[in-house]
Protein chains: 2
Amino acid sequence: MSKIMKIDPQKPVDLSAQIAQAIRDAIISGQLIVDERLPSEAELADQFQVSRPTVREALKRLAAQSLIRTQRGATGGAFVNRLSFEDAYSQQITTSTLLLSMNAVDFDTACEARYALERACAPLSAQRRTADQLATMRAEIFRQEQPGLTDVAFCASDVAFHRALVDGAGNPVLSYQLAGAVEAMQPLMNMITFTARSREEIISLHSRIVDALQEREPDIVDETLVKLENYTRKLAQDVADRRKKAV
Amino acid sequence: MSKIMKIDPQKPVDLSAQIAQAIRDAIISGQLIVDERLPSEAELADQFQVSRPTVREALKRLAAQSLIRTQRGATGGAFVNRLSFEDAYSQQITTSTLLLSMNAVDFDTACEARYALERACAPLSAQRRTADQLATMRAEIFRQEQPGLTDVAFCASDVAFHRALVDGAGNPVLSYQLAGAVEAMQPLMNMITFTARSREEIISLHSRIVDALQEREPDIVDETLVKLENYTRKLAQDVADRRKKAV
DNA sequence: AGACTTTTAAATGTCAGACAAATAAAAATT
DNA sequence: AATTTTTATTTGTCTGACATTTAAAAGTCT
């Protein structure tokens with residue numbers, strides 16, 4: 001690692017935050033490459049002229065973002081981590097979920113965003129979906145038809161269905177970007193209790209989507225997604241109205 | 001804060017990671033609400049039966065994800081942070097940038113994802129764009145027309161143009177989701193050197209997009225975005241070919 | 001010589017205790 | 001009553017130590 005990384009002890013910012021930023025910059029700019037080992041904590045403490053606990057706090061910050069991983073033992077240390085799509089997924093889901101819940105994003109806004117993004121995948125999905133993905137979607141529909149299914153399980157299956165649709169586009173970047181949008185919606189979706197009647201309608205639309213994907217009919221997929229969006233928003237509206245009346 | 005948070009000292013996972021996860025779970029589940037103060041580091045150390053440095057490492061992990069903020073002084077402490085759209089933006093951009101650079105995502109995949117998402121915004125943008133956003137876009141086009149503009153500055157202006165387009169949809173969730181996709185592309189875009197000739201073509205397509213947005217013609221916006229995508233991919237292809245020939 | 005066991009060294013993980021610095025409330029002073 | 005000083009609390013940082021994990025080195029036996 002180049003030793004040009006510098007921090008300014010005069011700044012009114014935590015030293016550990018400055019050190020983390022310096023290392024983060026080195027990773028982003030490519031000065032530190034994947035799987036490269038950072039100097040040991042003691043060496044970093046020397047280089048930055050701080051104590052080991054301060055260095056450790058900096059490293060934990062980076063670990064929280066999956067930028068490094070640490071290993072104990074003789075040949076251990078901190079290594080630049082290859083950020084996997086999986087790591088990125090889970091971070092995005094956490095961030096999106098908190099963002100929606102903490103900023104009082106209303107259901108319509110979140111719903112609109114989700115379906116707009118999902119519709120972006122539809123044409124690609126119609127073109128590239130695999131037999132395996134179609135099977136996954138049909139399996140989820142079958143699950144959704146079971147009468148004893150709890151609301152929570154129904155929502156989870158709904159998420160799985162839509163993820164399969166997105167994955168059908170065969171573009172990992174799209175899948176990653178949409179994971180957050182789809183999964184973060186689940187808590188909001190859970191606020192809508194799916195009655196037997198509304199489940200029926202949703203399942204029928206899901207079936208239509210799978211059929212259209214199988215027949216490679218992007219327009220029908222799109223059209224059905226619009227219907228699904230409208231229906232979902234109407235359900236949310238009904239729940240909101242009923243709640244207002246109850247007060 | 002409820003005191004039911006527990007960790008297992010036997011687990012082969014860092015105590016600080018376990019503590020961070022316990023607090024993170026409490027925030028996500030709503031047991032800890034925005035602006036609520038966590039117990040002091042000393043109290044947390046007591047509760048979790050660990051030392052203060054260990055607690056601090058846990059808190060730094062949470063701070064790295066913008067889940068908490070800390071304040072020194074008598075009434076200071078760690079507070080649950082309201083995750084702002086801005087915080088979420090920058091995290092998403094960091095994650096997306098690293099994801100693309102570390103996983104050798106090819107230009108076509110990233111480009112396809114970006115334009116698929118952007119086209120999802122087009123109809124909403126045509127409907128809701130403000131005069132202010134149109135002005136921003138025209139200003140960026142004007143900048144792009146300046147002959148002395150560096151490649152880096154041209155790319156930055158390109159990003160600003162497309163962000164304005166996305167923001168035109170008037171949906172903060174969409175804007176947040178797409179910020180990563182658009183900005184993370186910039187390093188890849190920078191690999192394409194924009195010649196005067198290719199700039200001219202791009203600017204003309206940009207102009208057409210603004211005009212169509214002003215006239216509220218979603219179909220023309222969509223169609224032009226497709227052209228822009230194809231042209232961008234063709235440029236990248238040319239650069240790749242030329243590089244191959246040079247070897 | 002080769003296979004196995006033991007030792008050693010290096011690194012992270014954790015702890016204890018201390019002091020510095022910031023900050024707001026409480027106390028003292030004018 | 002307003003201002004200044006003191007005090008208590010809390011985070012930020014440092015020092016030094018020990019525990020634990022791990023792989024390599026050294027030693028031992030067949």
# chains A, B, ... in the order shown; residues from 1 in each chain; ligands from 1
>>> closest_atom_pairs(of="chain D", to="chain A", cutoff="7 Å", atoms="only C-alpha atoms (C1' of nucleotides)", output="tab-separated table")
residue	atom	partner	partner_atom	distance
D:DC14	C1'	A:Ser51	CA	6.2
D:DT21	C1'	A:Gly73	CA	4.8
D:DT22	C1'	A:Gly73	CA	3.9
D:DA23	C1'	A:Ala74	CA	5.7
>>> interface_residues(of="chain C", to="chain B", cutoff="12 Å", atoms="only C-alpha atoms (C1' of nucleotides)", output="ChimeraX atom specification")
/C:12-17,21-25
>>> interface_residues(of="chain B", to="chain A", cutoff="6 Å", atoms="only C-alpha atoms", output="number ranges by chain")
B: 57, 60-61, 64, 83, 99, 113, 116-117, 120, 174
>>> atom_distance(atom1="CA of Met185 in chain B", atom2="CA of Ile93 in chain B")
9.7 Å
>>> atom_distance(atom1="C1' of DT10 in chain D", atom2="CA of Ser90 in chain B")
29.6 Å
>>> select_by_dssp(residues="range 9-223 of chain B", states="alpha helix (DSSP H)", output="MDAnalysis selection string")
chainID B and resid 15:28 41:48 52:64 85:102 107:128 131:145 151:167 172:190 196:214 218:223
>>> atom_distance(atom1="CA of Ala153 in chain B", atom2="CA of Ala22 in chain A")
24.6 Å
